[in-house]
>>> print(open('work26.pdb').read())   # PDB, C-alpha atoms
MODEL        1
ATOM      1  CA  MET R1319       0.000   0.000   0.000
ATOM      2  CA  ILE R1320       1.276   3.439  -0.964
ATOM      3  CA  ARG R1321       0.487   6.402   1.262
ATOM      4  CA  LEU R1322       0.946   9.742  -0.504
ATOM      5  CA  TYR R1323       1.400  12.865   1.588
ATOM      6  CA  ASP R1324      -0.275  15.288  -0.722
ATOM      7  CA  TYR R1325      -1.622  18.792  -1.232
ATOM      8  CA  ARG R1326      -3.981  19.409  -4.098
ATOM      9  CA  PHE R1327      -2.339  22.670  -5.262
ATOM     10  CA  SER R1328       1.233  21.381  -4.960
ATOM     11  CA  SER R1329       2.509  20.909  -8.492
ATOM     12  CA  ALA R1330       5.148  18.463  -7.228
ATOM     13  CA  ALA R1331       2.470  16.314  -5.590
ATOM     14  CA  TYR R1332       0.342  16.683  -8.734
ATOM     15  CA  ARG R1333       3.175  15.043 -10.708
ATOM     16  CA  VAL R1334       3.123  12.023  -8.419
ATOM     17  CA  ARG R1335      -0.669  11.696  -8.610
ATOM     18  CA  ILE R1336      -0.462  11.647 -12.418
ATOM     19  CA  ALA R1337       2.248   8.983 -12.416
ATOM     20  CA  LEU R1338       0.391   6.755  -9.964
ATOM     21  CA  ASN R1339      -2.778   7.088 -12.044
ATOM     22  CA  ILE R1340      -0.953   6.225 -15.276
ATOM     23  CA  LYS R1341       0.333   3.075 -13.583
ATOM     24  CA  GLY R1342      -3.141   2.264 -12.291
ATOM     25  CA  ALA R1343      -1.794   2.139  -8.729
ATOM     26  CA  SER R1344      -3.950   2.316  -5.631
ATOM     27  CA  TYR R1345      -2.824   4.741  -2.960
ATOM     28  CA  GLU R1346      -4.035   6.489   0.157
ATOM     29  CA  ALA R1347      -3.816  10.279  -0.035
ATOM     30  CA  VAL R1348      -3.098  12.156   3.182
ATOM     31  CA  SER R1349      -3.661  15.881   2.700
ATOM     32  CA  ILE R1350      -1.037  18.198   4.207
ATOM     33  CA  ASN R1351      -2.214  21.791   3.839
ATOM     34  CA  ILE R1352       0.896  23.782   2.940
ATOM     35  CA  ALA R1353      -0.965  27.024   2.199
ATOM     36  CA  PRO R1354       0.429  30.062   4.053
ATOM     37  CA  GLY R1355      -1.384  30.348   7.343
ATOM     38  CA  ALA R1356      -2.109  26.633   7.523
ATOM     39  CA  ASP R1357       1.521  25.447   7.251
ATOM     40  CA  GLU R1358       0.742  21.864   8.241
ATOM     41  CA  GLN R1359       4.026  20.758   6.664
ATOM     42  CA  LEU R1360       5.848  22.661   9.425
ATOM     43  CA  SER R1361       4.078  20.842  12.254
ATOM     44  CA  GLU R1362       6.012  18.591  14.592
ATOM     45  CA  ALA R1363       3.738  15.699  13.630
ATOM     46  CA  TYR R1364       4.661  16.003   9.951
ATOM     47  CA  ARG R1365       8.337  16.659  10.688
ATOM     48  CA  LEU R1366       8.438  13.226  12.294
ATOM     49  CA  VAL R1367       7.102  11.784   9.023
ATOM     50  CA  ASN R1368       9.260  13.842   6.651
ATOM     51  CA  PRO R1369      12.161  15.857   8.100
ATOM     52  CA  GLN R1370      12.288  17.930   4.888
ATOM     53  CA  MET R1371       8.795  19.206   5.809
ATOM     54  CA  ARG R1372       7.671  19.307   2.185
ATOM     55  CA  VAL R1373       5.181  17.503   0.003
ATOM     56  CA  PRO R1374       4.997  15.133  -1.672
ATOM     57  CA  ALA R1375       6.312  12.202   0.267
ATOM     58  CA  ILE R1376       5.366   8.563  -0.109
ATOM     59  CA  GLU R1377       5.342   5.867   2.518
ATOM     60  CA  VAL R1378       5.641   2.248   1.402
ATOM     61  CA  ASP R1379       5.977  -0.644   3.864
ATOM     62  CA  GLY R1380       7.197   1.726   6.564
ATOM     63  CA  LYS R1381       9.797   3.348   4.298
ATOM     64  CA  LEU R1382       9.667   6.998   3.280
ATOM     65  CA  GLY R1383      10.455   8.429  -0.160
ATOM     66  CA  VAL R1384      10.730  12.151  -0.866
ATOM     67  CA  GLN R1385      11.360  14.521  -3.794
ATOM     68  CA  SER R1386       8.860  14.213  -6.623
ATOM     69  CA  MET R1387      11.275  13.499  -9.478
ATOM     70  CA  ALA R1388      12.979  10.703  -7.533
ATOM     71  CA  ILE R1389       9.541   9.331  -6.620
ATOM     72  CA  LEU R1390       8.540   9.351 -10.304
ATOM     73  CA  GLU R1391      11.535   7.219 -11.220
ATOM     74  CA  TRP R1392      10.810   4.817  -8.344
ATOM     75  CA  ILE R1393       7.216   4.525  -9.585
ATOM     76  CA  ASP R1394       8.430   3.762 -13.101
ATOM     77  CA  GLU R1395      11.026   1.235 -11.947
ATOM     78  CA  THR R1396       8.772  -0.522  -9.435
ATOM     79  CA  LEU R1397       5.141  -0.469 -10.527
ATOM     80  CA  PRO R1398       3.626  -2.293 -13.494
ATOM     81  CA  GLY R1399       1.915  -0.363 -16.244
ATOM     82  CA  PRO R1400       2.917   2.031 -19.036
ATOM     83  CA  ALA R1401       6.515   3.226 -18.982
ATOM     84  CA  LEU R1402       7.090   6.841 -17.950
ATOM     85  CA  LEU R1403      10.483   6.978 -19.668
ATOM     86  CA  PRO R1404      11.301   5.839 -23.220
ATOM     87  CA  SER R1405      13.629   2.905 -23.795
ATOM     88  CA  ASP R1406      16.153   4.772 -25.975
ATOM     89  CA  PRO R1407      18.900   6.269 -23.744
ATOM     90  CA  TRP R1408      19.271   9.504 -25.726
ATOM     91  CA  THR R1409      15.529  10.101 -25.763
ATOM     92  CA  ARG R1410      15.462   9.397 -22.019
ATOM     93  CA  LEU R1411      18.097  12.099 -21.572
ATOM     94  CA  ARG R1412      15.950  14.592 -23.501
ATOM     95  CA  VAL R1413      12.823  13.639 -21.561
ATOM     96  CA  ARG R1414      14.609  14.070 -18.233
ATOM     97  CA  ALA R1415      16.122  17.378 -19.352
ATOM     98  CA  PHE R1416      12.700  18.702 -20.366
ATOM     99  CA  ALA R1417      11.164  17.647 -17.046
ATOM    100  CA  ASP R1418      14.103  18.973 -15.034
ATOM    101  CA  THR R1419      13.865  22.375 -16.704
ATOM    102  CA  ILE R1420      10.526  22.620 -14.903
ATOM    103  CA  ALA R1421      11.418  20.776 -11.702
ATOM    104  CA  CYS R1422      14.861  22.366 -11.215
ATOM    105  CA  ASP R1423      14.740  25.750 -12.981
ATOM    106  CA  ILE R1424      11.144  27.037 -12.855
ATOM    107  CA  HIS R1425       9.442  25.428  -9.879
ATOM    108  CA  PRO R1426      12.081  26.078  -7.150
ATOM    109  CA  LEU R1427      12.120  29.815  -7.876
ATOM    110  CA  ASN R1428       8.329  30.033  -7.610
ATOM    111  CA  ASN R1429       7.834  27.672  -4.713
ATOM    112  CA  LEU R1430       6.366  28.725  -1.353
ATOM    113  CA  SER R1431       9.736  29.089   0.407
ATOM    114  CA  PRO R1432      11.378  31.677  -1.905
ATOM    115  CA  ARG R1433       8.098  33.549  -2.281
ATOM    116  CA  ALA R1434       7.733  33.738   1.506
ATOM    117  CA  TYR R1435      11.314  35.010   1.804
ATOM    118  CA  LEU R1436      10.752  37.658  -0.853
ATOM    119  CA  ARG R1437       7.554  38.780   0.852
ATOM    120  CA  ASN R1438       8.489  38.556   4.514
ATOM    121  CA  GLN R1439      12.231  39.199   4.574
ATOM    122  CA  LEU R1440      12.700  41.491   1.576
ATOM    123  CA  GLY R1441       9.351  43.249   1.783
ATOM    124  CA  ARG R1442       8.313  42.693  -1.821
ATOM    125  CA  SER R1443       4.764  43.626  -2.776
ATOM    126  CA  GLU R1444       2.167  41.251  -4.168
ATOM    127  CA  GLU R1445       2.521  42.913  -7.583
ATOM    128  CA  GLU R1446       6.284  42.354  -7.500
ATOM    129  CA  MET R1447       5.649  38.764  -6.488
ATOM    130  CA  ARG R1448       3.307  38.265  -9.449
ATOM    131  CA  ARG R1449       5.930  39.687 -11.812
ATOM    132  CA  TRP R1450       8.581  37.415 -10.285
ATOM    133  CA  TYR R1451       6.339  34.377 -10.726
ATOM    134  CA  ALA R1452       5.448  35.204 -14.328
ATOM    135  CA  HIS R1453       9.060  35.995 -15.246
ATOM    136  CA  TRP R1454      10.439  32.590 -14.333
ATOM    137  CA  ILE R1455       7.604  30.692 -15.971
ATOM    138  CA  THR R1456       8.068  32.756 -19.141
ATOM    139  CA  VAL R1457      11.832  32.206 -19.211
ATOM    140  CA  GLY R1458      11.467  28.467 -18.724
ATOM    141  CA  PHE R1459       8.548  28.020 -21.095
ATOM    142  CA  THR R1460      10.364  29.979 -23.822
ATOM    143  CA  ALA R1461      13.153  27.405 -23.738
ATOM    144  CA  LEU R1462      10.711  24.493 -23.576
ATOM    145  CA  GLU R1463       8.612  25.798 -26.474
ATOM    146  CA  ALA R1464      11.762  25.898 -28.614
ATOM    147  CA  GLU R1465      12.636  22.371 -27.489
ATOM    148  CA  ALA R1466       9.120  21.132 -28.253
ATOM    149  CA  ASN R1467       9.159  22.682 -31.726
ATOM    150  CA  ASP R1468      12.511  21.025 -32.417
ATOM    151  CA  LEU R1469      11.013  17.578 -31.856
ATOM    152  CA  PRO R1470       9.267  15.522 -34.543
ATOM    153  CA  ARG R1471       5.536  16.219 -34.600
ATOM    154  CA  GLN R1472       3.859  13.438 -32.592
ATOM    155  CA  ASP R1473       0.832  12.962 -30.344
ATOM    156  CA  PHE R1474       2.913  13.923 -27.326
ATOM    157  CA  LEU R1475       6.336  15.467 -26.896
ATOM    158  CA  PHE R1476       8.415  12.326 -27.339
ATOM    159  CA  GLY R1477       6.067   9.858 -28.981
ATOM    160  CA  ALA R1478       2.621   8.325 -28.833
ATOM    161  CA  VAL R1479       2.322   8.361 -25.021
ATOM    162  CA  PRO R1480       3.084  10.876 -22.254
ATOM    163  CA  THR R1481       6.342  10.657 -20.310
ATOM    164  CA  ILE R1482       7.696  12.413 -17.233
ATOM    165  CA  ALA R1483       8.116  15.449 -19.511
ATOM    166  CA  GLU R1484       4.334  15.839 -19.721
ATOM    167  CA  ILE R1485       3.944  14.799 -16.083
ATOM    168  CA  ALA R1486       6.059  17.833 -15.155
ATOM    169  CA  LEU R1487       4.548  20.178 -17.757
ATOM    170  CA  VAL R1488       0.851  19.814 -16.941
ATOM    171  CA  PRO R1489       1.127  20.847 -13.256
ATOM    172  CA  GLN R1490       3.332  23.797 -14.196
ATOM    173  CA  MET R1491       0.747  24.895 -16.750
ATOM    174  CA  ALA R1492      -1.890  24.620 -14.018
ATOM    175  CA  ASN R1493       0.241  26.893 -11.835
ATOM    176  CA  ALA R1494       0.554  29.394 -14.669
ATOM    177  CA  ARG R1495      -3.218  29.505 -15.087
ATOM    178  CA  ARG R1496      -3.753  29.753 -11.331
ATOM    179  CA  PHE R1497      -1.508  32.822 -11.135
ATOM    180  CA  ASN R1498      -2.853  34.381 -14.349
ATOM    181  CA  VAL R1499       0.414  34.098 -16.270
ATOM    182  CA  ASN R1500      -0.003  34.783 -20.000
ATOM    183  CA  VAL R1501       1.108  31.605 -21.780
ATOM    184  CA  SER R1502      -0.369  32.374 -25.196
ATOM    185  CA  SER R1503       3.148  32.583 -26.673
ATOM    186  CA  PHE R1504       3.633  28.844 -26.157
ATOM    187  CA  PRO R1505       1.170  27.153 -28.539
ATOM    188  CA  ARG R1506       2.926  23.787 -28.700
ATOM    189  CA  LEU R1507       3.108  23.527 -24.908
ATOM    190  CA  LEU R1508      -0.558  24.464 -24.699
ATOM    191  CA  GLU R1509      -1.404  21.812 -27.286
ATOM    192  CA  ILE R1510       0.444  19.120 -25.343
ATOM    193  CA  ASP R1511      -1.123  20.279 -22.082
ATOM    194  CA  ALA R1512      -4.630  20.029 -23.563
ATOM    195  CA  ALA R1513      -3.941  16.577 -25.023
ATOM    196  CA  CYS R1514      -2.758  15.315 -21.640
ATOM    197  CA  ARG R1515      -5.605  16.831 -19.644
ATOM    198  CA  ALA R1516      -8.041  14.966 -21.880
ATOM    199  CA  LEU R1517      -6.600  11.681 -20.561
ATOM    200  CA  GLU R1518      -8.216  10.093 -17.504
ATOM    201  CA  PRO R1519      -5.010   9.737 -15.400
ATOM    202  CA  PHE R1520      -4.270  13.440 -15.803
ATOM    203  CA  ARG R1521      -7.894  14.478 -15.300
ATOM    204  CA  ARG R1522      -8.238  12.531 -12.048
ATOM    205  CA  ALA R1523      -4.973  14.006 -10.731
ATOM    206  CA  ALA R1524      -6.051  17.636 -11.252
ATOM    207  CA  PRO R1525      -6.335  19.839  -8.156
ATOM    208  CA  GLU R1526     -10.075  20.346  -8.602
ATOM    209  CA  HIS R1527     -10.634  16.599  -8.236
ATOM    210  CA  GLN R1528      -8.772  16.279  -4.926
ATOM    211  CA  SER R1529     -10.181  16.524  -1.422
ATOM    212  CA  GLU R1530      -9.365  19.520   0.764
TER     213      GLU R1530
ENDMDL
END
>>> encode(input="work26.pdb", output="structure tokens")
Amino acid sequence: MIRLYDYRFSSAAYRVRIALNIKGASYEAVSINIAPGADEQLSEAYRLVNPQMRVPAIEVDGKLGVQSMAILEWIDETLPGPALLPSDPWTRLRVRAFADTIACDIHPLNNLSPRAYLRNQLGRSEEEMRRWYAHWITVGFTALEAEANDLPRQDFLFGAVPTIAEIALVPQMANARRFNVNVSSFPRLLEIDAACRALEPFRRAAPEHQSE
């Protein structure tokens, strides 16, 4: 049994929900409200579960796994079902690079921790925060749109099925919409996002289909 420590608006947790759904895996979701003011991830009870005090985390047979991208690879290596990474090593490199552009370059700069520091320690206004958020999504998506347009035209970015590239992209697109970032300059990314969200594993993983 997999227990997922989750938060519906966490894009990192959203990635894991998608992957588990693609694999057809059963899991128990435990909601940890990380919204400012709730801060359940900072509680002593959750620290004892996950010393990093972040979501997602997964618990399997008494063992804890953290960091969404590492969890995705464990899911792919361990659970039956469609592969999340292609078999060709060079294509796997490109898939990982695409996903890591989101997970390592865009998401960390816009995550709760740096935003809280900018607001509380540096005194930045909400308008400045919105510009900060939009800037890093735009920079990252500009590179990814070029990458996507450099690939052969297929149903998804790297072939006939989604990979961890799409699993990273769809939650980041959801974040962009949530914070009213203009993404109209990225038509190929929008096309891939729409194609994925039409699939049941992605639809069921969306924030609006999660419990509070």
>>> closest_residue(input="work26.pdb", among="R:Pro1470, R:Asp1379, R:Gln1490, R:Asp1324", to="R:Tyr1451", atoms="only C-alpha atoms")
R:Gln1490
>>> closest_atom_pairs(input="work26.pdb", of="stretch 1320-1368 of chain R", to="stretch 1382-1389 of chain R", cutoff="10 Å", atoms="only C-alpha atoms", output="JSON lines")
{"residue": "R:Arg1321", "atom": "CA", "partner": "R:Leu1382", "partner_atom": "CA", "distance": 9.4}
{"residue": "R:Leu1322", "atom": "CA", "partner": "R:Gly1383", "partner_atom": "CA", "distance": 9.6}
{"residue": "R:Tyr1323", "atom": "CA", "partner": "R:Val1384", "partner_atom": "CA", "distance": 9.7}
{"residue": "R:Ser1329", "atom": "CA", "partner": "R:Ser1386", "partner_atom": "CA", "distance": 9.4}
{"residue": "R:Ala1330", "atom": "CA", "partner": "R:Ser1386", "partner_atom": "CA", "distance": 5.7}
{"residue": "R:Ala1331", "atom": "CA", "partner": "R:Ser1386", "partner_atom": "CA", "distance": 6.8}
{"residue": "R:Tyr1332", "atom": "CA", "partner": "R:Ser1386", "partner_atom": "CA", "distance": 9.1}
{"residue": "R:Arg1333", "atom": "CA", "partner": "R:Ser1386", "partner_atom": "CA", "distance": 7.0}
{"residue": "R:Val1334", "atom": "CA", "partner": "R:Ser1386", "partner_atom": "CA", "distance": 6.4}
{"residue": "R:Ala1337", "atom": "CA", "partner": "R:Ile1389", "partner_atom": "CA", "distance": 9.3}
{"residue": "R:Val1367", "atom": "CA", "partner": "R:Leu1382", "partner_atom": "CA", "distance": 7.9}
{"residue": "R:Asn1368", "atom": "CA", "partner": "R:Leu1382", "partner_atom": "CA", "distance": 7.6}
>>> atom_distance(input="work26.pdb", atom1="atom CA of R:Ala1343", atom2="atom CA of R:Pro1400")
11.3 Å
>>> resolve_selection(input="work26.pdb", expression="the PyMOL selection byres ((chain R and resi 1512) around 12)", output="ChimeraX atom specification")
/R:1473-1474,1484,1487-1489,1491-1492,1505-1511,1513-1517,1520-1521
>>> closest_atom_pairs(input="work26.pdb", of="stretch 1332-1389 of chain R", to="stretch 1422-1441 of chain R", cutoff="10 Å", atoms="all atoms listed in the file", output="CSV")
residue,atom,partner,partner_atom,distance
R:Ile1352,CA,R:Leu1430,CA,8.5
R:Ala1353,CA,R:Leu1430,CA,8.3
R:Pro1354,CA,R:Leu1430,CA,8.1
R:Met1387,CA,R:Cys1422,CA,9.7
>>> write_last_selection(input="work26.pdb", atoms="C-alpha atoms", output="PDB file, in the frame of the given file")
ATOM      1  CA  ILE R1352       0.896  23.782   2.940  1.00  0.00           C
ATOM      2  CA  ALA R1353      -0.965  27.024   2.199  1.00  0.00           C
ATOM      3  CA  PRO R1354       0.429  30.062   4.053  1.00  0.00           C
ATOM      4  CA  MET R1387      11.275  13.499  -9.478  1.00  0.00           C
TER       5      MET R1387
END
>>> residues_around(input="work26.pdb", residues="R:Ser1344", least_positions_apart="2", cutoff="8 Å", atoms="all atoms listed in the file", output="ChimeraX atom specification")
/R:1319-1320,1338,1342,1346
>>> atom_distance(input="work26.pdb", atom1="atom CA of R:Gln1528", atom2="atom CA of R:Leu1390")
19.4 Å
>>> build_atoms(input="work26.pdb", residues="stretch 1390-1407 of chain R", atoms="N, CA, C and O atoms", output="PDB file, in the frame of the given file")
ATOM      1  N   LEU R1390       9.004   9.749  -8.972  1.00  0.00           N
ATOM      2  CA  LEU R1390       8.540   9.351 -10.304  1.00  0.00           C
ATOM      3  C   LEU R1390       9.378   8.206 -10.858  1.00  0.00           C
ATOM      4  O   LEU R1390       8.845   7.257 -11.445  1.00  0.00           O
ATOM      5  N   GLU R1391      10.684   8.288 -10.687  1.00  0.00           N
ATOM      6  CA  GLU R1391      11.535   7.219 -11.220  1.00  0.00           C
ATOM      7  C   GLU R1391      11.323   5.926 -10.433  1.00  0.00           C
ATOM      8  O   GLU R1391      11.331   4.832 -11.012  1.00  0.00           O
ATOM      9  N   TRP R1392      11.117   6.024  -9.120  1.00  0.00           N
ATOM     10  CA  TRP R1392      10.810   4.817  -8.344  1.00  0.00           C
ATOM     11  C   TRP R1392       9.498   4.202  -8.834  1.00  0.00           C
ATOM     12  O   TRP R1392       9.407   2.975  -8.996  1.00  0.00           O
ATOM     13  N   ILE R1393       8.496   5.026  -9.072  1.00  0.00           N
ATOM     14  CA  ILE R1393       7.216   4.525  -9.585  1.00  0.00           C
ATOM     15  C   ILE R1393       7.426   3.787 -10.898  1.00  0.00           C
ATOM     16  O   ILE R1393       6.904   2.690 -11.110  1.00  0.00           O
ATOM     17  N   ASP R1394       8.230   4.380 -11.791  1.00  0.00           N
ATOM     18  CA  ASP R1394       8.430   3.762 -13.101  1.00  0.00           C
ATOM     19  C   ASP R1394       9.212   2.464 -12.995  1.00  0.00           C
ATOM     20  O   ASP R1394       8.938   1.504 -13.720  1.00  0.00           O
ATOM     21  N   GLU R1395      10.179   2.424 -12.084  1.00  0.00           N
ATOM     22  CA  GLU R1395      11.026   1.235 -11.947  1.00  0.00           C
ATOM     23  C   GLU R1395      10.344   0.103 -11.173  1.00  0.00           C
ATOM     24  O   GLU R1395      10.737  -1.062 -11.319  1.00  0.00           O
ATOM     25  N   THR R1396       9.331   0.439 -10.386  1.00  0.00           N
ATOM     26  CA  THR R1396       8.772  -0.522  -9.435  1.00  0.00           C
ATOM     27  C   THR R1396       7.377  -1.006  -9.791  1.00  0.00           C
ATOM     28  O   THR R1396       7.063  -2.191  -9.576  1.00  0.00           O
ATOM     29  N   LEU R1397       6.549  -0.136 -10.328  1.00  0.00           N
ATOM     30  CA  LEU R1397       5.141  -0.469 -10.527  1.00  0.00           C
ATOM     31  C   LEU R1397       4.876  -0.915 -11.958  1.00  0.00           C
ATOM     32  O   LEU R1397       5.466  -0.375 -12.899  1.00  0.00           O
ATOM     33  N   PRO R1398       3.987  -1.889 -12.140  1.00  0.00           N
ATOM     34  CA  PRO R1398       3.626  -2.293 -13.494  1.00  0.00           C
ATOM     35  C   PRO R1398       2.807  -1.207 -14.178  1.00  0.00           C
ATOM     36  O   PRO R1398       2.286  -0.301 -13.531  1.00  0.00           O
ATOM     37  N   GLY R1399       2.706  -1.333 -15.492  1.00  0.00           N
ATOM     38  CA  GLY R1399       1.915  -0.363 -16.244  1.00  0.00           C
ATOM     39  C   GLY R1399       2.768   0.356 -17.275  1.00  0.00           C
ATOM     40  O   GLY R1399       3.953   0.038 -17.462  1.00  0.00           O
ATOM     41  N   PRO R1400       2.192   1.325 -17.965  1.00  0.00           N
ATOM     42  CA  PRO R1400       2.917   2.031 -19.036  1.00  0.00           C
ATOM     43  C   PRO R1400       4.197   2.683 -18.524  1.00  0.00           C
ATOM     44  O   PRO R1400       4.239   3.228 -17.411  1.00  0.00           O
ATOM     45  N   ALA R1401       5.236   2.618 -19.342  1.00  0.00           N
ATOM     46  CA  ALA R1401       6.515   3.226 -18.982  1.00  0.00           C
ATOM     47  C   ALA R1401       6.403   4.749 -18.990  1.00  0.00           C
ATOM     48  O   ALA R1401       5.752   5.334 -19.856  1.00  0.00           O
ATOM     49  N   LEU R1402       7.065   5.380 -18.028  1.00  0.00           N
ATOM     50  CA  LEU R1402       7.090   6.841 -17.950  1.00  0.00           C
ATOM     51  C   LEU R1402       8.323   7.425 -18.628  1.00  0.00           C
ATOM     52  O   LEU R1402       8.408   8.646 -18.810  1.00  0.00           O
ATOM     53  N   LEU R1403       9.268   6.569 -18.961  1.00  0.00           N
ATOM     54  CA  LEU R1403      10.483   6.978 -19.668  1.00  0.00           C
ATOM     55  C   LEU R1403      10.661   6.090 -20.892  1.00  0.00           C
ATOM     56  O   LEU R1403      10.397   4.888 -20.826  1.00  0.00           O
ATOM     57  N   PRO R1404      11.095   6.650 -22.017  1.00  0.00           N
ATOM     58  CA  PRO R1404      11.301   5.839 -23.220  1.00  0.00           C
ATOM     59  C   PRO R1404      12.493   4.910 -23.066  1.00  0.00           C
ATOM     60  O   PRO R1404      13.354   5.106 -22.207  1.00  0.00           O
ATOM     61  N   SER R1405      12.564   3.902 -23.907  1.00  0.00           N
ATOM     62  CA  SER R1405      13.629   2.905 -23.795  1.00  0.00           C
ATOM     63  C   SER R1405      14.955   3.394 -24.368  1.00  0.00           C
ATOM     64  O   SER R1405      16.021   2.982 -23.911  1.00  0.00           O
ATOM     65  N   ASP R1406      14.925   4.281 -25.354  1.00  0.00           N
ATOM     66  CA  ASP R1406      16.153   4.772 -25.975  1.00  0.00           C
ATOM     67  C   ASP R1406      16.890   5.707 -25.019  1.00  0.00           C
ATOM     68  O   ASP R1406      16.310   6.688 -24.533  1.00  0.00           O
ATOM     69  N   PRO R1407      18.182   5.458 -24.729  1.00  0.00           N
ATOM     70  CA  PRO R1407      18.900   6.269 -23.744  1.00  0.00           C
ATOM     71  C   PRO R1407      18.959   7.758 -24.089  1.00  0.00           C
ATOM     72  O   PRO R1407      18.840   8.606 -23.198  1.00  0.00           O
TER      73      PRO R1407
END
